[in-house]
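Peer 1: For reference, the file query-v3.cif (mmCIF, C-alpha atoms and all ligand atoms) is included below:
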data_input
loop_
_atom_site.label_atom_id
_atom_site.label_comp_id
_atom_site.auth_asym_id
_atom_site.auth_seq_id
_atom_site.Cartn_x
_atom_site.Cartn_y
_atom_site.Cartn_z
CA MET A 1 105.61 91.58 100.19
CA ALA A 2 104.12 95.09 100.40
CA SER A 3 105.74 96.16 103.68
CA ALA A 4 109.12 94.82 102.50
CA VAL A 5 108.93 97.42 99.73
CA LEU A 6 109.14 100.23 102.29
CA ALA A 7 112.13 98.80 104.17
CA PRO A 8 115.32 100.82 104.78
CA GLY A 9 117.69 100.79 101.82
CA ARG A 10 114.97 100.03 99.25
CA VAL A 11 114.73 102.35 96.23
CA ALA A 12 111.71 104.61 95.67
CA VAL A 13 111.12 106.77 92.59
CA VAL A 14 108.62 109.61 92.98
CA THR A 15 107.60 111.68 89.96
CA GLY A 16 106.40 115.23 90.64
CA ALA A 17 108.51 115.10 93.81
CA GLY A 18 109.21 118.83 93.76
CA SER A 19 105.94 119.93 95.33
CA GLY A 20 102.80 118.96 97.25
CA ILE A 21 101.96 115.28 97.63
CA GLY A 22 105.09 114.10 95.80
CA ALA A 23 107.41 116.14 98.04
CA ALA A 24 105.62 114.93 101.18
CA LEU A 25 105.86 111.31 100.01
CA ALA A 26 109.54 111.72 99.18
CA ARG A 27 110.21 113.14 102.66
CA ALA A 28 108.24 110.34 104.35
CA LEU A 29 110.07 107.65 102.34
CA ALA A 30 113.47 109.20 103.03
CA HIS A 31 112.66 109.32 106.75
CA ARG A 32 111.99 105.57 106.52
CA GLU A 33 115.62 105.35 105.36
CA MET A 34 114.73 104.43 101.83
CA ARG A 35 116.86 105.73 98.97
CA VAL A 36 114.62 108.21 97.19
CA VAL A 37 114.77 109.45 93.60
CA LEU A 38 113.20 112.89 93.31
CA ALA A 39 112.00 113.20 89.72
CA ASP A 40 110.39 116.39 88.43
CA ILE A 41 110.34 118.71 85.44
CA ASP A 42 111.10 121.61 87.80
CA THR A 43 114.73 121.01 88.75
CA SER A 44 114.98 123.91 91.19
CA ARG A 45 112.27 122.31 93.37
CA ILE A 46 113.90 118.86 93.49
CA ASP A 47 117.41 120.26 93.90
CA SER A 48 116.38 122.15 97.03
CA LEU A 49 114.48 119.11 98.41
CA ALA A 50 117.52 116.90 97.75
CA GLN A 51 119.68 119.40 99.68
CA GLU A 52 117.17 119.45 102.57
CA LEU A 53 117.15 115.63 102.79
CA ASP A 54 120.90 115.42 102.40
CA ALA A 55 121.38 117.93 105.24
CA ALA A 56 119.19 115.66 107.42
CA GLY A 57 121.50 112.72 106.65
CA LEU A 58 118.91 111.05 104.37
CA ARG A 59 119.49 109.57 100.95
CA ALA A 60 117.93 111.27 97.93
CA ILE A 61 118.95 112.23 94.42
CA ALA A 62 117.28 114.72 92.10
CA VAL A 63 116.73 113.65 88.48
CA ALA A 64 115.07 115.87 85.88
CA VAL A 65 112.23 114.23 84.01
CA ASP A 66 109.33 115.15 81.80
CA VAL A 67 106.90 112.28 82.33
CA SER A 68 105.03 113.13 79.13
CA ASP A 69 108.20 112.34 77.14
CA ARG A 70 108.80 108.59 76.79
CA SER A 71 112.56 108.92 76.25
CA SER A 72 112.90 111.16 79.30
CA VAL A 73 111.22 108.54 81.53
CA GLU A 74 113.36 105.78 80.00
CA LYS A 75 116.42 107.89 80.78
CA LEU A 76 115.19 108.27 84.36
CA ALA A 77 114.84 104.48 84.73
CA HIS A 78 118.33 103.99 83.29
CA THR A 79 119.82 106.61 85.67
CA VAL A 80 118.14 105.06 88.72
CA ARG A 81 119.34 101.56 87.80
CA LYS A 82 122.90 102.74 87.22
CA HIS A 83 122.97 104.73 90.45
CA TRP A 84 121.08 102.50 92.88
CA GLY A 85 120.02 99.26 91.13
CA PRO A 86 116.46 97.84 91.11
CA THR A 87 113.49 100.08 91.88
CA ASN A 88 111.17 98.80 94.62
CA LEU A 89 108.56 101.56 94.70
CA LEU A 90 107.41 103.61 91.72
CA VAL A 91 105.07 106.51 92.47
CA ASN A 92 103.55 107.98 89.31
CA ASN A 93 102.49 111.23 90.95
CA ALA A 94 103.24 114.12 88.55
CA GLY A 95 100.10 115.92 87.49
CA ILE A 96 98.81 119.23 86.17
CA GLU A 97 95.43 120.98 86.25
CA THR A 98 93.57 122.66 83.42
CA THR A 99 90.28 124.50 83.70
CA GLY A 100 87.89 125.87 81.12
CA CYS A 101 85.12 124.66 78.83
CA LEU A 102 85.86 121.75 76.51
CA TRP A 103 85.16 123.86 73.44
CA GLU A 104 87.68 126.51 74.53
CA ILE A 105 90.67 124.50 75.76
CA PRO A 106 93.43 124.65 73.12
CA SER A 107 94.74 121.36 71.82
CA GLU A 108 98.25 122.06 73.23
CA ARG A 109 96.82 122.21 76.76
CA TRP A 110 94.56 119.19 76.14
CA ASN A 111 97.59 117.22 74.94
CA ALA A 112 99.74 118.43 77.85
CA THR A 113 97.14 117.38 80.44
CA ILE A 114 96.63 113.94 78.91
CA GLY A 115 100.39 113.65 78.31
CA VAL A 116 101.44 114.34 81.91
CA ASN A 117 98.53 112.90 83.91
CA LEU A 118 97.70 109.77 81.91
CA THR A 119 100.40 109.00 79.34
CA GLY A 120 102.98 109.87 82.01
CA VAL A 121 101.69 106.97 84.13
CA TYR A 122 101.86 104.64 81.12
CA HIS A 123 105.45 105.80 80.48
CA GLY A 124 106.36 105.05 84.10
CA ILE A 125 104.92 101.53 83.84
CA GLN A 126 106.66 100.90 80.51
CA ALA A 127 110.04 102.11 81.78
CA PHE A 128 110.05 100.43 85.21
CA VAL A 129 107.70 97.42 85.36
CA PRO A 130 109.56 95.02 83.01
CA ALA A 131 112.66 95.28 85.23
CA MET A 132 110.51 94.98 88.37
CA ILE A 133 109.16 91.70 86.97
CA SER A 134 112.56 90.29 86.05
CA ASP A 135 114.37 91.56 89.18
CA LYS A 136 111.94 89.63 91.43
CA GLU A 137 112.62 92.12 94.23
CA PRO A 138 109.78 93.39 96.44
CA ALA A 139 107.97 95.93 94.26
CA HIS A 140 104.92 98.18 94.23
CA VAL A 141 103.46 100.70 91.77
CA VAL A 142 101.43 103.65 93.08
CA ASN A 143 99.48 105.86 90.67
CA LEU A 144 97.87 109.17 91.63
CA ALA A 145 94.23 109.25 90.56
CA SER A 146 91.70 111.47 92.37
CA VAL A 147 88.18 111.56 93.77
CA GLY A 148 87.66 113.30 90.42
CA GLY A 149 88.22 109.88 88.85
CA LEU A 150 84.95 108.72 90.42
CA THR A 151 82.74 111.50 89.21
CA THR A 152 82.20 114.12 86.49
CA GLY A 153 81.91 117.89 86.57
CA PRO A 154 82.15 121.09 84.56
CA PHE A 155 85.21 123.27 83.73
CA GLN A 156 87.88 120.64 84.50
CA ALA A 157 87.18 117.99 81.85
CA PRO A 158 90.72 117.11 80.64
CA TYR A 159 91.88 116.64 84.23
CA ILE A 160 88.84 114.58 85.27
CA ILE A 161 89.15 112.42 82.16
CA THR A 162 92.80 111.66 82.98
CA LYS A 163 91.92 110.71 86.56
CA HIS A 164 89.21 108.28 85.38
CA GLY A 165 91.89 106.93 83.06
CA VAL A 166 94.50 106.53 85.79
CA LEU A 167 92.02 104.72 88.03
CA VAL A 168 90.99 102.30 85.26
CA LEU A 169 94.62 101.84 84.13
CA THR A 170 95.62 100.95 87.70
CA GLU A 171 92.80 98.43 88.07
CA CYS A 172 93.75 96.90 84.68
CA LEU A 173 97.39 96.66 85.84
CA TRP A 174 96.22 94.86 88.99
CA GLN A 175 94.19 92.47 86.78
CA GLU A 176 97.20 91.76 84.55
CA PHE A 177 99.52 91.06 87.50
CA ALA A 178 96.85 88.78 89.03
CA ALA A 179 96.26 86.96 85.73
CA GLN A 180 99.99 86.30 85.34
CA ASN A 181 100.74 85.60 89.02
CA ILE A 182 103.13 88.54 89.16
CA ASP A 183 103.86 89.50 92.76
CA ILE A 184 103.97 93.29 92.41
CA GLY A 185 101.68 95.50 94.49
CA VAL A 186 99.45 98.08 92.81
CA SER A 187 97.63 101.05 94.33
CA ALA A 188 95.57 103.94 93.01
CA VAL A 189 95.47 106.94 95.34
CA LEU A 190 92.21 108.89 95.24
CA PRO A 191 92.81 112.13 97.12
CA GLY A 192 90.12 114.66 97.86
CA PRO A 193 91.29 118.28 98.26
CA VAL A 194 94.93 118.54 99.39
CA SER A 195 96.63 121.86 100.11
CA THR A 196 99.23 121.96 97.31
CA GLU A 197 100.34 124.20 94.48
CA ILE A 198 98.42 122.35 91.76
CA PHE A 199 95.90 125.13 91.10
CA ALA A 200 98.54 127.84 91.52
CA ASP A 201 100.41 126.21 88.62
CA ALA A 202 97.21 125.46 86.67
CA LEU A 203 96.18 127.01 83.40
CA SER A 204 92.73 128.34 82.74
CA ALA A 205 91.77 128.45 79.11
CA ASP A 206 88.44 130.12 78.52
CA ALA A 207 86.70 133.07 77.07
CA SER A 208 83.56 132.69 79.17
CA GLY A 209 85.31 133.33 82.48
CA ASP A 210 83.84 130.18 84.07
CA GLY A 211 87.18 128.34 83.86
CA ALA A 212 89.05 131.18 85.57
CA THR A 213 86.39 131.45 88.28
CA HIS A 214 86.49 127.69 88.80
CA LEU A 215 90.29 127.79 89.10
CA GLN A 216 90.12 130.50 91.78
CA GLN A 217 87.39 128.60 93.67
CA MET A 218 89.40 125.37 93.60
CA ARG A 219 92.55 127.20 94.71
CA GLN A 220 90.60 128.65 97.60
CA LEU A 221 89.05 125.25 98.45
CA LEU A 222 92.48 123.62 98.61
CA ALA A 223 93.91 126.45 100.72
CA THR A 224 91.05 126.49 103.22
CA HIS A 225 89.82 122.87 103.27
CA GLY A 226 92.73 120.91 101.83
CA MET A 227 94.29 118.04 103.75
CA SER A 228 97.97 118.42 104.59
CA PRO A 229 100.21 116.62 102.03
CA LYS A 230 102.07 115.12 104.99
CA VAL A 231 98.90 113.39 106.19
CA VAL A 232 98.23 112.18 102.63
CA ALA A 233 101.74 110.73 102.47
CA GLU A 234 101.21 108.74 105.68
CA LEU A 235 97.86 107.42 104.37
CA VAL A 236 99.55 106.36 101.11
CA LEU A 237 102.33 104.52 102.92
CA ALA A 238 99.80 102.80 105.21
CA GLY A 239 97.83 101.77 102.10
CA VAL A 240 100.95 100.39 100.42
CA GLU A 241 101.81 98.45 103.58
CA ALA A 242 98.28 97.03 103.68
CA GLY A 243 98.47 96.15 99.96
CA ASP A 244 95.36 98.23 99.20
CA LEU A 245 94.38 98.64 95.55
CA TRP A 246 92.41 101.81 96.36
CA ILE A 247 93.83 104.35 98.81
CA HIS A 248 91.20 106.94 99.76
CA THR A 249 92.25 110.06 101.66
CA HIS A 250 88.64 111.27 102.10
CA PRO A 251 86.61 108.02 102.20
CA GLU A 252 83.26 109.74 102.85
CA MET A 253 83.80 112.05 99.88
CA SER A 254 84.75 109.07 97.70
CA ASP A 255 81.64 107.18 98.79
CA ALA A 256 79.42 110.19 98.06
CA ALA A 257 80.99 110.51 94.59
CA ILE A 258 80.59 106.77 93.87
CA ARG A 259 76.96 106.82 95.04
CA ALA A 260 76.08 109.95 93.08
CA ARG A 261 77.53 108.65 89.83
CA THR A 262 76.38 105.03 90.06
CA SER A 263 72.84 105.95 91.12
CA SER A 264 72.73 108.50 88.29
CA LEU A 265 73.86 105.88 85.77
CA LEU A 266 71.46 103.24 87.13
CA SER A 267 68.48 105.59 87.27
CA ARG A 268 69.29 107.20 83.90
CA GLU A 269 69.01 110.59 85.64
CA PRO A 270 71.86 113.10 85.16
CA TYR A 271 73.12 114.76 88.35
CA SER A 272 74.70 118.14 88.97
CA ALA A 273 78.30 117.81 90.12
CA LEU A 274 78.26 121.45 91.20
CA GLU A 275 75.58 120.66 93.80
CA GLN A 276 77.61 117.66 94.87
CA SER A 277 80.82 119.71 95.23
CA GLU A 278 78.97 122.24 97.40
CA GLY A 279 78.15 119.25 99.61
CA ILE A 280 81.81 118.29 99.58
CA ALA A 281 82.87 121.77 100.74
CA ASP A 282 80.23 121.63 103.49
CA ALA A 283 81.38 118.17 104.57
CA ASN A 284 84.92 119.51 105.00
CA SER A 285 84.09 122.67 106.85
N1 LIG B 1 96.11 118.60 95.40
C1 LIG B 1 94.95 117.95 95.29
O1 LIG B 1 93.92 118.39 95.84
C2 LIG B 1 94.88 116.66 94.52
C3 LIG B 1 93.66 115.95 94.56
C4 LIG B 1 93.56 114.76 93.85
C5 LIG B 1 94.65 114.29 93.13
N2 LIG B 1 95.81 114.99 93.11
C6 LIG B 1 96.91 114.45 92.31
O2 LIG B 1 98.08 114.33 93.09
C7 LIG B 1 99.24 114.46 92.25
C8 LIG B 1 100.19 115.48 92.85
O3 LIG B 1 99.53 116.74 92.83
P1 LIG B 1 99.87 117.95 93.81
O4 LIG B 1 98.57 118.51 94.22
O5 LIG B 1 100.87 117.55 94.80
O6 LIG B 1 100.47 118.98 92.74
P2 LIG B 1 101.69 120.03 92.77
O7 LIG B 1 101.41 120.96 91.65
O8 LIG B 1 101.89 120.59 94.13
O9 LIG B 1 102.95 119.09 92.38
C9 LIG B 1 103.02 118.47 91.12
C10 LIG B 1 104.48 118.34 90.70
O10 LIG B 1 104.50 117.71 89.41
C11 LIG B 1 105.52 118.32 88.64
N3 LIG B 1 105.28 118.14 87.20
C12 LIG B 1 104.39 118.80 86.42
N4 LIG B 1 104.52 118.41 85.14
C13 LIG B 1 105.51 117.46 85.12
C14 LIG B 1 106.09 116.67 84.09
N5 LIG B 1 105.71 116.81 82.81
N6 LIG B 1 107.07 115.79 84.43
C15 LIG B 1 107.48 115.69 85.71
N7 LIG B 1 106.98 116.42 86.73
C16 LIG B 1 105.99 117.29 86.44
C17 LIG B 1 105.46 119.80 89.05
O11 LIG B 1 106.67 120.47 88.73
C18 LIG B 1 105.20 119.69 90.56
O12 LIG B 1 106.41 119.70 91.28
C19 LIG B 1 98.71 114.85 90.87
O13 LIG B 1 98.65 113.70 90.04
C20 LIG B 1 97.32 115.35 91.16
O14 LIG B 1 96.46 115.23 90.06
C21 LIG B 1 95.95 116.17 93.79
#
Could the structure of this file be written out as structure tokens, please?

Peer 2:
Amino acid sequence: MASAVLAPGRVAVVTGAGSGIGAALARALAHREMRVVLADIDTSRIDSLAQELDAAGLRAIAVAVDVSDRSSVEKLAHTVRKHWGPTNLLVNNAGIETTGCLWEIPSERWNATIGVNLTGVYHGIQAFVPAMISDKEPAHVVNLASVGGLTTGPFQAPYIITKHGVLVLTECLWQEFAAQNIDIGVSAVLPGPVSTEIFADALSADASGDGATHLQQMRQLLATHGMSPKVVAELVLAGVEAGDLWIHTHPEMSDAAIRARTSSLLSREPYSALEQSEGIADANS
């Protein structure tokens, strides 16, 4: 079933398609001759990507969406259905970064991070999965988690919390489909550092300065050690074809994060994520 999802003519919806991983996925799907819906809050980004794909003779439409707004995602689902019929692949990819200490991050930014990164995925499932079930077409849901969903660390708490949430949500979705014999594929993508704009667009909220420093360090890490979004896109499509529940872009980094956290929990000994992330930077250099 999984590979049939990526066949020419099938319909793929990618949120956050205007930049980074979403744009690379959209390009890769369009080059597989799928019909691709570019959904993003930044319409200038998706309009220019739609023009690029159109000029290459590929099929893509740009649709404005704010994934944190339930009615906006419902409208997206309605538009896709009207335009192209059933959706075969839903990629809940839109995400934002926030840095700073938990006691300094304003509630608007907390709510925005949870709203886009976690509630946005829930909105995508609510708007698209019921029709996927009743359409009985080949279908697959991909949610963007992160290696950050396997670990903990300072100065990025709202983001890390959402990525733990997306990973758990995706595994719960897999459990629900399995329990009800629903033949829809499910994958959580757990990227390590990828060279995208996510930290350029991020907001640092702090008085201490640690959040701003962390943001600059992460931006630098992505620029110097980040994987190309194009490579990530190919790994995601290979994972979808294989029907993988977990798609790791940096498997050694994921394993190190899983080991560090589980051994810490089992031994009742806290661990420093900063030391671990220094190891991550070393492993990538
Ligand atoms: N870049 C990395 O190193 C990395 C690592 C792990 C996970 N991820 C995850 O991958 C996904 C894509 O990130 P990226 O690095 O490509 O980021 P990016 O900033 O390059 O692209 C994100 C896109 O999402 C869009 N977006 C933001 N808010 C939105 C909203 N409310 N509704 C719709 N679209 C919205 C932005 O306009 C942007 O085009 C995110 O979920 C991110 O958390 C990225």

Peer 1: Closest to Val231 of chain A among A:His250, A:Arg10, A:Arg259, A:Arg109, using only C-alpha atoms?

Peer 2: A:His250

Peer 1: Take the point (108.4, 106.4, 86.4) in the file's coordinates, draw a sphere of radius 12 Å around it, and report as a CSV table (one decimal) with C-alpha atoms, keeping the file's coordinate frame every protein, DNA or RNA residue with an atom inside or on it, counting only C-alpha atoms.

Peer 2:
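Printed below is result.csv as written:
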chain,number,residue,atom,x,y,z
A,12,ALA,CA,111.7,104.6,95.7
A,13,VAL,CA,111.1,106.8,92.6
A,14,VAL,CA,108.6,109.6,93.0
A,15,THR,CA,107.6,111.7,90.0
A,16,GLY,CA,106.4,115.2,90.6
A,17,ALA,CA,108.5,115.1,93.8
A,37,VAL,CA,114.8,109.4,93.6
A,38,LEU,CA,113.2,112.9,93.3
A,39,ALA,CA,112.0,113.2,89.7
A,40,ASP,CA,110.4,116.4,88.4
A,63,VAL,CA,116.7,113.6,88.5
A,64,ALA,CA,115.1,115.9,85.9
A,65,VAL,CA,112.2,114.2,84.0
A,66,ASP,CA,109.3,115.2,81.8
A,67,VAL,CA,106.9,112.3,82.3
A,68,SER,CA,105.0,113.1,79.1
A,69,ASP,CA,108.2,112.3,77.1
A,70,ARG,CA,108.8,108.6,76.8
A,71,SER,CA,112.6,108.9,76.2
A,72,SER,CA,112.9,111.2,79.3
A,73,VAL,CA,111.2,108.5,81.5
A,74,GLU,CA,113.4,105.8,80.0
A,75,LYS,CA,116.4,107.9,80.8
A,76,LEU,CA,115.2,108.3,84.4
A,77,ALA,CA,114.8,104.5,84.7
A,78,HIS,CA,118.3,104.0,83.3
A,79,THR,CA,119.8,106.6,85.7
A,80,VAL,CA,118.1,105.1,88.7
A,87,THR,CA,113.5,100.1,91.9
A,88,ASN,CA,111.2,98.8,94.6
A,89,LEU,CA,108.6,101.6,94.7
A,90,LEU,CA,107.4,103.6,91.7
A,91,VAL,CA,105.1,106.5,92.5
A,92,ASN,CA,103.6,108.0,89.3
A,93,ASN,CA,102.5,111.2,91.0
A,94,ALA,CA,103.2,114.1,88.6
A,116,VAL,CA,101.4,114.3,81.9
A,119,THR,CA,100.4,109.0,79.3
A,120,GLY,CA,103.0,109.9,82.0
A,121,VAL,CA,101.7,107.0,84.1
A,122,TYR,CA,101.9,104.6,81.1
A,123,HIS,CA,105.4,105.8,80.5
A,124,GLY,CA,106.4,105.0,84.1
A,125,ILE,CA,104.9,101.5,83.8
A,126,GLN,CA,106.7,100.9,80.5
A,127,ALA,CA,110.0,102.1,81.8
A,128,PHE,CA,110.0,100.4,85.2
A,129,VAL,CA,107.7,97.4,85.4
A,130,PRO,CA,109.6,95.0,83.0
A,131,ALA,CA,112.7,95.3,85.2
A,132,MET,CA,110.5,95.0,88.4
A,140,HIS,CA,104.9,98.2,94.2
A,141,VAL,CA,103.5,100.7,91.8
A,142,VAL,CA,101.4,103.6,93.1
A,143,ASN,CA,99.5,105.9,90.7

Peer 1: Mind giving me the axis-aligned box for segment 250-265 of chain A with 8 Å on every side, centre plus edges in Å to one decimal, as AutoDock Vina command-line options?

Peer 2:
--center_x 80.7 --center_y 108.5 --center_z 94.3 --size_x 31.9 --size_y 23.0 --size_z 33.1

Peer 1: Go through A:Asp206, A:Glu234, A:Glu241, A:Glu197 and flag the residue nearest ligand LIG 1 (chain B), using all atoms listed in the file for the distances.

Peer 2: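 Closest residue, counting all atoms listed in the file: A:Glu197.
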
Peer 1: Residues near Gly9 of chain A, anyone? I mean within 8 Å using only C-alpha atoms, not counting same-chain ones fewer than 3 positions away, as a PDB file with C-alpha atoms, keeping the file's coordinate frame.

Peer 2:
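Ended up saving to result.pdb:
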ATOM      1  CA  GLU A  33     115.620 105.350 105.360  1.00  0.00           C
ATOM      2  CA  MET A  34     114.730 104.430 101.830  1.00  0.00           C
ATOM      3  CA  ARG A  35     116.860 105.730  98.970  1.00  0.00           C
TER       4      ARG A  35
END

Peer 1: What's the separation between atom C8 of ligand LIG 1 (chain B) and atom CA of Lys82 of chain A, in Å to one decimal place?

Peer 2: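 Computed distance, atom C8 of ligand LIG 1 (chain B) to atom CA of Lys82 of chain A, equals 26.6 Å.
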
Peer 1: Mind pulling up the distance from atom CA of Arg261 of chain A to atom C8 of ligand LIG 1 (chain B)?

Peer 2: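 Value for the atom C8 of ligand LIG 1 (chain B)-atom CA of Arg261 of chain A distance: 23.9 Å.
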
Peer 1: One decimal, in Å: what's the spacing between atom O7 of ligand LIG 1 (chain B) and atom CA of Gly192 of chain A?

Peer 2: 14.3 Å

Peer 1: Have a look at A:Leu53, A:Ile198, A:Leu265, A:Ile46 and name the one nearest to ligand LIG 1 (chain B); count only C-alpha atoms and all ligand atoms.

Peer 2: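 Of A:Leu53, A:Ile198, A:Leu265, A:Ile46, the one nearest ligand LIG 1 (chain B), counting only C-alpha atoms and all ligand atoms, is A:Ile198.
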
Peer 1: Nearest to ligand LIG 1 (chain B): which of A:Asp210, A:Asp201, A:Asp47, A:Asp255 is it, counting only C-alpha atoms and all ligand atoms?

Peer 2: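 Residue with the minimum atom-to-atom distance to ligand LIG 1 (chain B): A:Asp201.
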
Peer 1: Which polymer residues have any atom within 7 Å of an atom of Ala233 of chain A, counting only C-alpha atoms, with same-chain residues fewer than 5 positions away left out, as a PDB file with C-alpha atoms, keeping the file's coordinate frame?

Peer 2:
ATOM      1  CA  ILE A  21     101.960 115.280  97.630  1.00  0.00           C
ATOM      2  CA  ALA A  24     105.620 114.930 101.180  1.00  0.00           C
ATOM      3  CA  LEU A  25     105.860 111.310 100.010  1.00  0.00           C
ATOM      4  CA  ALA A  28     108.240 110.340 104.350  1.00  0.00           C
TER       5      ALA A  28
END

Peer 1: Using all atoms listed in the file, which of A:Thr151, A:Thr113, A:Gln156, A:Ser195 sits nearest ligand LIG 1 (chain B)?

Peer 2: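 Using all atoms listed in the file, the shortest distance to ligand LIG 1 (chain B) belongs to A:Ser195.
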
Peer 1: Using all atoms listed in the file, list the residues that have an atom at most 10 Å from (87.3, 129.9, 82.9), coordinates as in the file, as a PyMOL selection string.

Peer 2: chain A and resi 98-101+104-105+155-156+203-216
